[in-house]
>>> print(open('work_9.pdb').read())   # PDB, C-alpha atoms
ATOM      1  CA  MET A  18     -18.381  58.266  53.835
ATOM      2  CA  PRO A  19     -14.994  57.728  55.574
ATOM      3  CA  ALA A  20     -14.713  61.466  56.264
ATOM      4  CA  VAL A  21     -18.185  61.534  57.823
ATOM      5  CA  PHE A  22     -17.242  58.546  59.943
ATOM      6  CA  VAL A  23     -14.116  60.300  61.235
ATOM      7  CA  MET A  24     -16.092  63.397  62.211
ATOM      8  CA  ILE A  25     -18.656  61.300  64.070
ATOM      9  CA  TRP A  26     -15.954  59.161  65.706
ATOM     10  CA  SER A  27     -14.196  62.248  67.043
ATOM     11  CA  THR A  28     -17.264  63.270  69.035
ATOM     12  CA  GLY A  29     -17.265  59.968  70.947
ATOM     13  CA  PHE A  30     -14.402  61.077  73.191
ATOM     14  CA  ILE A  31     -16.172  64.376  73.895
ATOM     15  CA  VAL A  32     -19.418  62.622  74.802
ATOM     16  CA  ALA A  33     -17.511  60.365  77.186
ATOM     17  CA  ARG A  34     -16.134  63.440  78.933
ATOM     18  CA  TYR A  35     -19.653  64.835  79.326
ATOM     19  CA  ALA A  36     -21.236  61.576  80.453
ATOM     20  CA  MET A  37     -18.742  60.098  82.886
ATOM     21  CA  PRO A  38     -19.249  62.568  85.770
ATOM     22  CA  ASN A  39     -22.928  61.585  85.763
ATOM     23  CA  SER A  40     -22.764  57.792  85.560
ATOM     24  CA  PRO A  41     -20.587  54.748  86.201
ATOM     25  CA  THR A  42     -18.849  53.554  83.065
ATOM     26  CA  PHE A  43     -20.358  50.169  82.318
ATOM     27  CA  THR A  44     -23.828  51.122  83.520
ATOM     28  CA  PHE A  45     -23.895  53.883  80.920
ATOM     29  CA  LEU A  46     -22.545  51.580  78.217
ATOM     30  CA  ALA A  47     -24.948  48.753  79.088
ATOM     31  CA  ILE A  48     -27.895  51.139  78.780
ATOM     32  CA  ARG A  49     -26.452  52.430  75.530
ATOM     33  CA  TYR A  50     -26.079  48.933  74.075
ATOM     34  CA  GLY A  51     -29.591  47.957  75.148
ATOM     35  CA  LEU A  52     -31.259  51.079  73.744
ATOM     36  CA  SER A  53     -29.257  50.815  70.528
ATOM     37  CA  ALA A  54     -30.281  47.176  70.092
ATOM     38  CA  VAL A  55     -33.932  48.154  70.576
ATOM     39  CA  CYS A  56     -33.626  50.913  67.963
ATOM     40  CA  PHE A  57     -32.012  48.524  65.514
ATOM     41  CA  GLY A  58     -34.735  45.976  66.297
ATOM     42  CA  VAL A  59     -37.469  48.432  65.322
ATOM     43  CA  TRP A  60     -35.541  49.315  62.158
ATOM     44  CA  ILE A  61     -35.073  45.618  61.319
ATOM     45  CA  ALA A  62     -38.755  44.822  61.858
ATOM     46  CA  ALA A  63     -39.858  47.748  59.698
ATOM     47  CA  SER A  64     -37.463  46.924  56.859
ATOM     48  CA  ARG A  65     -37.530  43.135  57.231
ATOM     49  CA  ALA A  66     -33.754  43.020  57.114
ATOM     50  CA  ALA A  67     -32.157  39.583  56.814
ATOM     51  CA  TRP A  68     -30.360  38.115  59.810
ATOM     52  CA  PRO A  69     -26.881  36.551  59.489
ATOM     53  CA  VAL A  70     -26.942  32.942  58.356
ATOM     54  CA  GLY A  71     -25.264  30.198  60.380
ATOM     55  CA  ARG A  72     -23.950  29.887  63.920
ATOM     56  CA  THR A  73     -20.397  30.569  62.797
ATOM     57  CA  GLN A  74     -21.356  33.972  61.421
ATOM     58  CA  TRP A  75     -23.163  34.835  64.657
ATOM     59  CA  LEU A  76     -20.084  33.779  66.619
ATOM     60  CA  HIS A  77     -17.761  35.927  64.515
ATOM     61  CA  LEU A  78     -20.081  38.914  64.902
ATOM     62  CA  GLY A  79     -20.213  38.294  68.639
ATOM     63  CA  VAL A  80     -16.420  38.346  68.864
ATOM     64  CA  THR A  81     -16.227  41.626  66.945
ATOM     65  CA  GLY A  82     -18.934  43.061  69.184
ATOM     66  CA  VAL A  83     -16.980  42.231  72.319
ATOM     67  CA  LEU A  84     -13.775  43.681  70.862
ATOM     68  CA  MET A  85     -15.114  46.777  69.108
ATOM     69  CA  HIS A  86     -17.821  47.721  71.586
ATOM     70  CA  ALA A  87     -17.162  46.225  75.017
ATOM     71  CA  ALA A  88     -13.344  46.372  74.984
ATOM     72  CA  TYR A  89     -12.857  49.524  72.915
ATOM     73  CA  LEU A  90     -15.643  51.664  74.354
ATOM     74  CA  GLY A  91     -15.233  50.204  77.825
ATOM     75  CA  GLY A  92     -11.527  51.039  77.778
ATOM     76  CA  VAL A  93     -11.987  54.577  76.446
ATOM     77  CA  TRP A  94     -14.844  55.522  78.757
ATOM     78  CA  ALA A  95     -13.219  53.941  81.802
ATOM     79  CA  ALA A  96      -9.976  55.793  81.032
ATOM     80  CA  VAL A  97     -11.873  59.101  80.835
ATOM     81  CA  LYS A  98     -13.640  58.224  84.074
ATOM     82  CA  ALA A  99     -10.201  57.604  85.623
ATOM     83  CA  GLY A 100      -9.085  61.136  84.766
ATOM     84  CA  ILE A 101      -7.439  61.020  81.355
ATOM     85  CA  GLY A 102      -8.325  63.860  78.954
ATOM     86  CA  ALA A 103     -10.478  63.348  75.880
ATOM     87  CA  GLY A 104      -7.729  64.568  73.557
ATOM     88  CA  THR A 105      -5.096  62.366  75.175
ATOM     89  CA  VAL A 106      -7.081  59.141  75.022
ATOM     90  CA  ALA A 107      -8.027  59.917  71.414
ATOM     91  CA  LEU A 108      -4.331  60.243  70.579
ATOM     92  CA  LEU A 109      -3.457  56.969  72.305
ATOM     93  CA  VAL A 110      -6.148  54.852  70.647
ATOM     94  CA  GLY A 111      -5.493  56.720  67.395
ATOM     95  CA  LEU A 112      -2.325  54.652  67.113
ATOM     96  CA  GLN A 113      -4.490  51.802  65.790
ATOM     97  CA  PRO A 114      -3.101  52.131  62.228
ATOM     98  CA  VAL A 115       0.406  51.636  63.585
ATOM     99  CA  LEU A 116      -0.564  48.440  65.413
ATOM    100  CA  THR A 117      -2.378  47.260  62.306
ATOM    101  CA  ALA A 118       0.737  47.781  60.213
ATOM    102  CA  LEU A 119       2.935  45.963  62.708
ATOM    103  CA  TRP A 120       0.540  43.035  62.993
ATOM    104  CA  LEU A 121       0.140  42.582  59.256
ATOM    105  CA  SER A 122       3.884  42.801  58.819
ATOM    106  CA  ALA A 123       4.379  40.137  61.496
ATOM    107  CA  VAL A 124       2.026  37.723  59.719
ATOM    108  CA  ALA A 125       3.217  38.615  56.232
ATOM    109  CA  THR A 126       3.913  35.750  53.853
ATOM    110  CA  PRO A 127       5.610  35.718  50.445
ATOM    111  CA  ASP A 128       2.242  35.650  48.666
ATOM    112  CA  ARG A 129       0.324  37.860  51.067
ATOM    113  CA  GLY A 130       1.162  40.823  53.217
ATOM    114  CA  HIS A 131       4.112  43.162  53.539
ATOM    115  CA  ALA A 132       7.115  43.559  55.770
ATOM    116  CA  VAL A 133       7.610  46.871  57.536
ATOM    117  CA  THR A 134       9.545  49.144  55.184
ATOM    118  CA  SER A 135      12.160  51.706  56.158
ATOM    119  CA  ARG A 136       9.588  54.421  55.440
ATOM    120  CA  GLN A 137       7.185  52.812  57.894
ATOM    121  CA  TRP A 138       9.856  52.337  60.566
ATOM    122  CA  ALA A 139      10.610  56.050  60.214
ATOM    123  CA  GLY A 140       6.917  56.737  60.674
ATOM    124  CA  LEU A 141       6.804  54.559  63.780
ATOM    125  CA  GLY A 142       9.731  56.415  65.297
ATOM    126  CA  LEU A 143       8.289  59.819  64.419
ATOM    127  CA  GLY A 144       4.884  58.882  65.794
ATOM    128  CA  LEU A 145       6.384  57.618  69.033
ATOM    129  CA  PHE A 146       8.389  60.810  69.450
ATOM    130  CA  GLY A 147       5.279  62.910  68.815
ATOM    131  CA  LEU A 148       3.275  60.873  71.300
ATOM    132  CA  THR A 149       6.023  61.350  73.880
ATOM    133  CA  LEU A 150       5.828  65.126  73.451
ATOM    134  CA  VAL A 151       2.110  65.065  74.151
ATOM    135  CA  VAL A 152       2.109  62.533  76.963
ATOM    136  CA  TRP A 153       5.222  63.736  78.801
ATOM    137  CA  ARG A 154       3.664  66.942  80.072
ATOM    138  CA  LYS A 155       0.491  65.141  81.113
ATOM    139  CA  LEU A 156       2.499  62.567  83.039
ATOM    140  CA  GLY A 157       4.086  65.370  85.029
ATOM    141  CA  ALA A 158       0.702  66.993  85.614
ATOM    142  CA  GLY A 159      -0.735  63.763  87.000
ATOM    143  CA  GLU A 160      -3.359  63.347  84.250
ATOM    144  CA  ILE A 161      -1.915  60.068  83.008
ATOM    145  CA  THR A 162      -1.486  57.236  85.485
ATOM    146  CA  ALA A 163      -0.579  53.593  85.084
ATOM    147  CA  TRP A 164      -4.256  52.717  85.578
ATOM    148  CA  ASN A 165      -5.905  54.994  83.017
ATOM    149  CA  LEU A 166      -3.059  54.374  80.566
ATOM    150  CA  SER A 167      -3.675  50.618  80.801
ATOM    151  CA  LEU A 168      -7.402  51.209  80.177
ATOM    152  CA  ALA A 169      -6.578  53.203  77.051
ATOM    153  CA  PHE A 170      -4.291  50.369  75.955
ATOM    154  CA  VAL A 171      -7.174  47.882  76.337
ATOM    155  CA  ALA A 172      -9.252  50.129  74.075
ATOM    156  CA  LEU A 173      -6.440  50.315  71.523
ATOM    157  CA  ILE A 174      -6.062  46.526  71.411
ATOM    158  CA  GLY A 175      -9.841  46.093  71.201
ATOM    159  CA  ILE A 176     -10.418  48.358  68.194
ATOM    160  CA  THR A 177      -7.334  47.032  66.380
ATOM    161  CA  ALA A 178      -8.132  43.363  66.913
ATOM    162  CA  GLY A 179     -11.820  43.908  66.207
ATOM    163  CA  THR A 180     -11.170  45.618  62.877
ATOM    164  CA  LEU A 181      -8.734  42.932  61.746
ATOM    165  CA  TYR A 182     -11.028  40.128  62.937
ATOM    166  CA  GLN A 183     -14.078  41.520  61.152
ATOM    167  CA  LYS A 184     -12.165  42.036  57.921
ATOM    168  CA  ARG A 185     -10.835  38.475  58.072
ATOM    169  CA  PHE A 186     -13.780  36.418  59.348
ATOM    170  CA  VAL A 187     -17.106  38.251  59.042
ATOM    171  CA  ALA A 188     -18.914  37.604  55.774
ATOM    172  CA  PRO A 189     -20.930  40.436  54.188
ATOM    173  CA  CYS A 190     -24.368  40.754  55.769
ATOM    174  CA  ASP A 191     -26.949  43.400  56.594
ATOM    175  CA  VAL A 192     -25.410  46.176  58.714
ATOM    176  CA  ARG A 193     -28.520  46.508  60.903
ATOM    177  CA  THR A 194     -28.748  42.882  61.968
ATOM    178  CA  ALA A 195     -24.966  42.537  62.191
ATOM    179  CA  ASN A 196     -24.749  45.563  64.485
ATOM    180  CA  THR A 197     -27.543  44.182  66.636
ATOM    181  CA  VAL A 198     -25.690  40.910  67.165
ATOM    182  CA  GLN A 199     -22.523  42.834  68.029
ATOM    183  CA  LEU A 200     -24.366  45.062  70.507
ATOM    184  CA  LEU A 201     -26.032  42.111  72.228
ATOM    185  CA  ALA A 202     -22.645  40.418  72.630
ATOM    186  CA  ALA A 203     -21.207  43.615  74.121
ATOM    187  CA  LEU A 204     -24.216  43.884  76.441
ATOM    188  CA  ILE A 205     -23.710  40.333  77.707
ATOM    189  CA  VAL A 206     -20.108  41.163  78.614
ATOM    190  CA  SER A 207     -20.781  44.627  80.029
ATOM    191  CA  LEU A 208     -23.910  43.916  82.072
ATOM    192  CA  PRO A 209     -22.172  41.950  84.870
ATOM    193  CA  LEU A 210     -19.652  44.794  85.223
ATOM    194  CA  ALA A 211     -22.506  47.303  85.340
ATOM    195  CA  LEU A 212     -24.269  45.364  88.081
ATOM    196  CA  TRP A 213     -21.027  45.380  90.081
ATOM    197  CA  GLU A 214     -20.832  49.195  89.989
ATOM    198  CA  SER A 215     -22.336  51.007  92.969
ATOM    199  CA  GLU A 216     -22.153  54.631  91.837
ATOM    200  CA  PRO A 217     -25.617  56.093  91.136
ATOM    201  CA  ILE A 218     -26.712  57.629  87.846
ATOM    202  CA  HIS A 219     -27.387  61.364  87.885
ATOM    203  CA  TRP A 220     -30.260  61.874  85.454
ATOM    204  CA  THR A 221     -29.189  65.351  84.430
ATOM    205  CA  PRO A 222     -29.887  66.985  81.050
ATOM    206  CA  THR A 223     -26.205  66.466  80.227
ATOM    207  CA  PHE A 224     -26.517  62.736  80.899
ATOM    208  CA  LEU A 225     -29.655  62.450  78.750
ATOM    209  CA  ILE A 226     -28.101  64.391  75.874
ATOM    210  CA  ALA A 227     -24.943  62.264  76.059
ATOM    211  CA  MET A 228     -27.003  59.069  76.037
ATOM    212  CA  THR A 229     -29.118  60.225  73.108
ATOM    213  CA  TRP A 230     -26.048  61.220  71.101
ATOM    214  CA  SER A 231     -24.329  57.939  71.958
ATOM    215  CA  VAL A 232     -27.261  55.829  70.775
ATOM    216  CA  VAL A 233     -28.440  57.773  67.734
ATOM    217  CA  VAL A 234     -25.244  59.295  66.336
ATOM    218  CA  LEU A 235     -22.368  57.165  67.630
ATOM    219  CA  THR A 236     -23.918  53.681  67.557
ATOM    220  CA  LEU A 237     -26.624  53.818  64.892
ATOM    221  CA  GLY A 238     -24.517  56.195  62.799
ATOM    222  CA  GLY A 239     -20.816  55.769  63.578
ATOM    223  CA  SER A 240     -20.749  52.029  64.278
ATOM    224  CA  SER A 241     -22.896  51.327  61.215
ATOM    225  CA  LEU A 242     -20.562  53.389  59.036
ATOM    226  CA  LEU A 243     -17.530  51.557  60.409
ATOM    227  CA  TYR A 244     -19.129  48.183  59.676
ATOM    228  CA  LEU A 245     -20.076  49.242  56.149
ATOM    229  CA  LEU A 246     -16.648  50.681  55.406
ATOM    230  CA  ILE A 247     -14.873  47.502  56.478
ATOM    231  CA  GLN A 248     -17.395  45.260  54.721
ATOM    232  CA  ARG A 249     -17.177  47.178  51.452
ATOM    233  CA  GLY A 250     -13.407  47.162  51.400
ATOM    234  CA  ALA A 251     -13.047  50.838  52.321
ATOM    235  CA  ALA A 252     -11.289  49.984  55.568
ATOM    236  CA  THR A 253      -8.098  51.108  53.832
ATOM    237  CA  ARG A 254      -9.329  54.688  53.826
ATOM    238  CA  VAL A 255     -10.753  54.431  57.347
ATOM    239  CA  THR A 256      -7.423  53.279  58.726
ATOM    240  CA  SER A 257      -5.603  56.053  56.884
ATOM    241  CA  LEU A 258      -8.033  58.707  58.109
ATOM    242  CA  LEU A 259      -8.062  57.664  61.761
ATOM    243  CA  TYR A 260      -4.983  59.742  62.479
ATOM    244  CA  LEU A 261      -7.193  62.821  61.937
ATOM    245  CA  VAL A 262      -9.321  61.931  64.980
ATOM    246  CA  PRO A 263      -6.862  62.983  67.736
ATOM    247  CA  PRO A 264      -6.284  66.570  66.544
ATOM    248  CA  VAL A 265     -10.011  67.088  65.931
ATOM    249  CA  THR A 266     -10.805  65.707  69.390
ATOM    250  CA  ALA A 267      -8.058  67.779  71.019
ATOM    251  CA  LEU A 268      -9.421  70.934  69.415
ATOM    252  CA  LEU A 269     -12.957  70.153  70.583
ATOM    253  CA  ALA A 270     -11.705  69.345  74.086
ATOM    254  CA  TRP A 271      -9.827  72.654  74.175
ATOM    255  CA  LEU A 272     -12.918  74.577  73.085
ATOM    256  CA  LEU A 273     -15.416  72.763  75.305
ATOM    257  CA  PHE A 274     -13.435  71.741  78.396
ATOM    258  CA  ASP A 275     -10.496  74.133  78.331
ATOM    259  CA  GLU A 276      -8.073  71.203  78.160
ATOM    260  CA  VAL A 277      -4.517  72.499  77.904
ATOM    261  CA  LEU A 278      -3.151  72.665  74.371
ATOM    262  CA  THR A 279       0.458  73.875  74.360
ATOM    263  CA  ALA A 280       2.780  74.472  71.437
ATOM    264  CA  SER A 281       4.757  71.324  72.236
ATOM    265  CA  MET A 282       1.553  69.280  72.354
ATOM    266  CA  LEU A 283       0.441  70.675  68.996
ATOM    267  CA  LEU A 284       3.861  69.808  67.579
ATOM    268  CA  GLY A 285       3.602  66.316  69.057
ATOM    269  CA  MET A 286       0.167  65.771  67.518
ATOM    270  CA  ALA A 287       1.420  66.945  64.145
ATOM    271  CA  LEU A 288       4.449  64.638  64.306
ATOM    272  CA  THR A 289       2.242  61.711  65.375
ATOM    273  CA  ALA A 290      -0.144  62.371  62.476
ATOM    274  CA  ILE A 291       2.751  62.488  60.006
ATOM    275  CA  GLY A 292       4.275  59.354  61.528
ATOM    276  CA  VAL A 293       1.048  57.374  61.315
ATOM    277  CA  ALA A 294       0.519  58.596  57.759
ATOM    278  CA  LEU A 295       3.957  57.241  56.829
ATOM    279  CA  VAL A 296       3.047  53.879  58.346
ATOM    280  CA  VAL A 297      -0.350  53.391  56.753
ATOM    281  CA  THR A 298       0.382  54.788  53.302
ATOM    282  CA  THR A 299       2.847  53.694  50.669
ATOM    283  CA  PRO A 300       3.973  55.326  47.442
ATOM    284  CA  THR A 301       1.361  53.202  45.651
ATOM    285  CA  ARG A 302      -1.278  54.249  48.189
ATOM    286  CA  ARG A 303      -1.964  50.679  49.094
ATOM    287  CA  SER A 304      -2.798  50.103  52.739
ATOM    288  CA  LEU A 305      -1.691  47.051  54.630
ATOM    289  CA  LEU A 306      -5.236  46.445  55.804
ATOM    290  CA  SER A 307      -6.322  45.736  52.236
ATOM    291  CA  ASP A 308      -4.360  42.495  52.418
ATOM    292  CA  VAL A 309      -6.241  41.068  55.405
TER     293      VAL A 309
END
>>> encode(input="work_9.pdb", output="structure tokens")
Amino acid sequence: MPAVFVMIWSTGFIVARYAMPNSPTFTFLAIRYGLSAVCFGVWIAASRAAWPVGRTQWLHLGVTGVLMHAAYLGGVWAAVKAGIGAGTVALLVGLQPVLTALWLSAVATPDRGHAVTSRQWAGLGLGLFGLTLVVWRKLGAGEITAWNLSLAFVALIGITAGTLYQKRFVAPCDVRTANTVQLLAALIVSLPLALWESEPIHWTPTFLIAMTWSVVVLTLGGSSLLYLLIQRGAATRVTSLLYLVPPVTALLAWLLFDEVLTASMLLGMALTAIGVALVVTTPTRRSLLSDV
């Protein structure tokens, strides 16, 4: 299941590249959240799935929805809209395992958590060097700007904080109703931004295909898998596998959009993958996220 999730997750950056020339960012996402919530609603009614119990649980789900949908997706799609490549933004937000390791090390206690080991510091340095190799050329080419880089950073913080928050505070509940609550929270945050946008939607076949894929595959499929993996304690494997997303996305972007993929960039991606792997794995194969 984690491997399937990674493959689905990789297509999200490609879909953003297809969709953004045809729609403003938050208008697309607001429609996506609304349609996804409707689809989940039909599924819930047909299966009579149980809703989360208690206001606190609804609040926690709402927070994760804002972080993992509104902030993460909003940041990624806005960054693509602002000109950053699909492969580049995937690499930037793919540093989530590194942030997770640093955060859990910062809050480590004698009876819970781990400090950053020398192996992990080596991984951090290697990953940063690899990222520099990839980003440096794109900075010179004008692809990366302070604006779209900051949007990608918002996405990175959103997915990292959302994963940690859900693992810590959200009690196990039905994935369909939990996802619906998360989507409605993201819709509440995104809708005002969508109403502020003035760019029209171009109802092209590309737009419709991107919307359909976003709702059916990415939200109903990918987001549900992510929720299940975290809830069932498999977030360890998800975090470890996320470093596979950037190279898969970069390859797809090269094939579909002819995004430049030089030898130095390939080397940088490989070094970043190795660096992140050093951070999120230990000789005992125990991930930091398992201690949340």
>>> resolve_selection(input="work_9.pdb", expression="the PyMOL selection byres ((chain A and resi 46-59) around 6)", output="PDB file with C-alpha atoms, in the frame of the given file")
ATOM      1  CA  PHE A  43     -20.358  50.169  82.318  1.00  0.00           C
ATOM      2  CA  THR A  44     -23.828  51.122  83.520  1.00  0.00           C
ATOM      3  CA  PHE A  45     -23.895  53.883  80.920  1.00  0.00           C
ATOM      4  CA  TRP A  60     -35.541  49.315  62.158  1.00  0.00           C
ATOM      5  CA  ILE A  61     -35.073  45.618  61.319  1.00  0.00           C
ATOM      6  CA  ALA A  62     -38.755  44.822  61.858  1.00  0.00           C
ATOM      7  CA  THR A 197     -27.543  44.182  66.636  1.00  0.00           C
ATOM      8  CA  LEU A 200     -24.366  45.062  70.507  1.00  0.00           C
ATOM      9  CA  LEU A 204     -24.216  43.884  76.441  1.00  0.00           C
ATOM     10  CA  SER A 207     -20.781  44.627  80.029  1.00  0.00           C
ATOM     11  CA  LEU A 208     -23.910  43.916  82.072  1.00  0.00           C
ATOM     12  CA  VAL A 232     -27.261  55.829  70.775  1.00  0.00           C
TER      13      VAL A 232
END
>>> residues_around(input="work_9.pdb", residues="Gly92 of chain A", least_positions_apart="5", cutoff="7 Å", atoms="all atoms listed in the file", output="VMD selection string")
chain A and resid 168 to 169 171 to 172
>>> closest_residue(input="work_9.pdb", among="A:Thr105, A:Asn39, A:Thr149, A:Thr236", to="Trp271 of chain A", atoms="all atoms listed in the file")
A:Thr105
>>> resolve_selection(input="work_9.pdb", expression="the PyMOL selection byres ((chain A and resi 79) around 8)", output="number ranges by chain")
A: 75-78, 80-83, 198-199, 201-203
>>> atom_distance(input="work_9.pdb", atom1="atom CA of Ser241 of chain A", atom2="atom CA of Val70 of chain A")
19.0 Å
>>> closest_residue(input="work_9.pdb", among="A:Ala290, A:Leu210, A:Ala280, A:Ile31", to="Gly111 of chain A", atoms="only C-alpha atoms")
A:Ala290
>>> resolve_selection(input="work_9.pdb", expression="the PyMOL selection byres ((chain A and resi 89) around 8)", output="PDB file with C-alpha atoms, in the frame of the given file")
ATOM      1  CA  LEU A  84     -13.775  43.681  70.862  1.00  0.00           C
ATOM      2  CA  MET A  85     -15.114  46.777  69.108  1.00  0.00           C
ATOM      3  CA  HIS A  86     -17.821  47.721  71.586  1.00  0.00           C
ATOM      4  CA  ALA A  87     -17.162  46.225  75.017  1.00  0.00           C
ATOM      5  CA  ALA A  88     -13.344  46.372  74.984  1.00  0.00           C
ATOM      6  CA  LEU A  90     -15.643  51.664  74.354  1.00  0.00           C
ATOM      7  CA  GLY A  91     -15.233  50.204  77.825  1.00  0.00           C
ATOM      8  CA  GLY A  92     -11.527  51.039  77.778  1.00  0.00           C
ATOM      9  CA  VAL A  93     -11.987  54.577  76.446  1.00  0.00           C
ATOM     10  CA  VAL A 171      -7.174  47.882  76.337  1.00  0.00           C
ATOM     11  CA  ALA A 172      -9.252  50.129  74.075  1.00  0.00           C
ATOM     12  CA  LEU A 173      -6.440  50.315  71.523  1.00  0.00           C
ATOM     13  CA  ILE A 174      -6.062  46.526  71.411  1.00  0.00           C
ATOM     14  CA  GLY A 175      -9.841  46.093  71.201  1.00  0.00           C
ATOM     15  CA  ILE A 176     -10.418  48.358  68.194  1.00  0.00           C
TER      16      ILE A 176
END
>>> closest_residue(input="work_9.pdb", among="A:Leu145, A:Ala287, A:Leu112, A:Ala66", to="Pro264 of chain A", atoms="all atoms listed in the file")
A:Ala287
>>> closest_residue(input="work_9.pdb", among="A:Ala63, A:Leu261, A:Leu225, A:Val206", to="Val293 of chain A", atoms="all atoms listed in the file")
A:Leu261
>>> atom_distance(input="work_9.pdb", atom1="atom CA of Thr177 of chain A", atom2="atom CA of Trp138 of chain A")
18.9 Å
>>> atom_distance(input="work_9.pdb", atom1="atom CA of Thr180 of chain A", atom2="atom CA of Val115 of chain A")
13.1 Å
>>> closest_residue(input="work_9.pdb", among="A:Ala33, A:Leu141, A:Ala211, A:Leu242", to="Ala107 of chain A", atoms="only C-alpha atoms")
A:Ala33
>>> closest_residue(input="work_9.pdb", among="A:Val97, A:Asp191, A:Phe30, A:Arg185", to="Arg65 of chain A", atoms="all atoms listed in the file")
A:Asp191
>>> axis_aligned_box(input="work_9.pdb", around="segment 36-50 of chain A", padding_each_side="3 Å", output="lines of an AutoDock Vina configuration file")
center_x = -23.3
center_y = 55.7
center_z = 80.1
size_x = 15.2
size_y = 19.8
size_z = 18.1
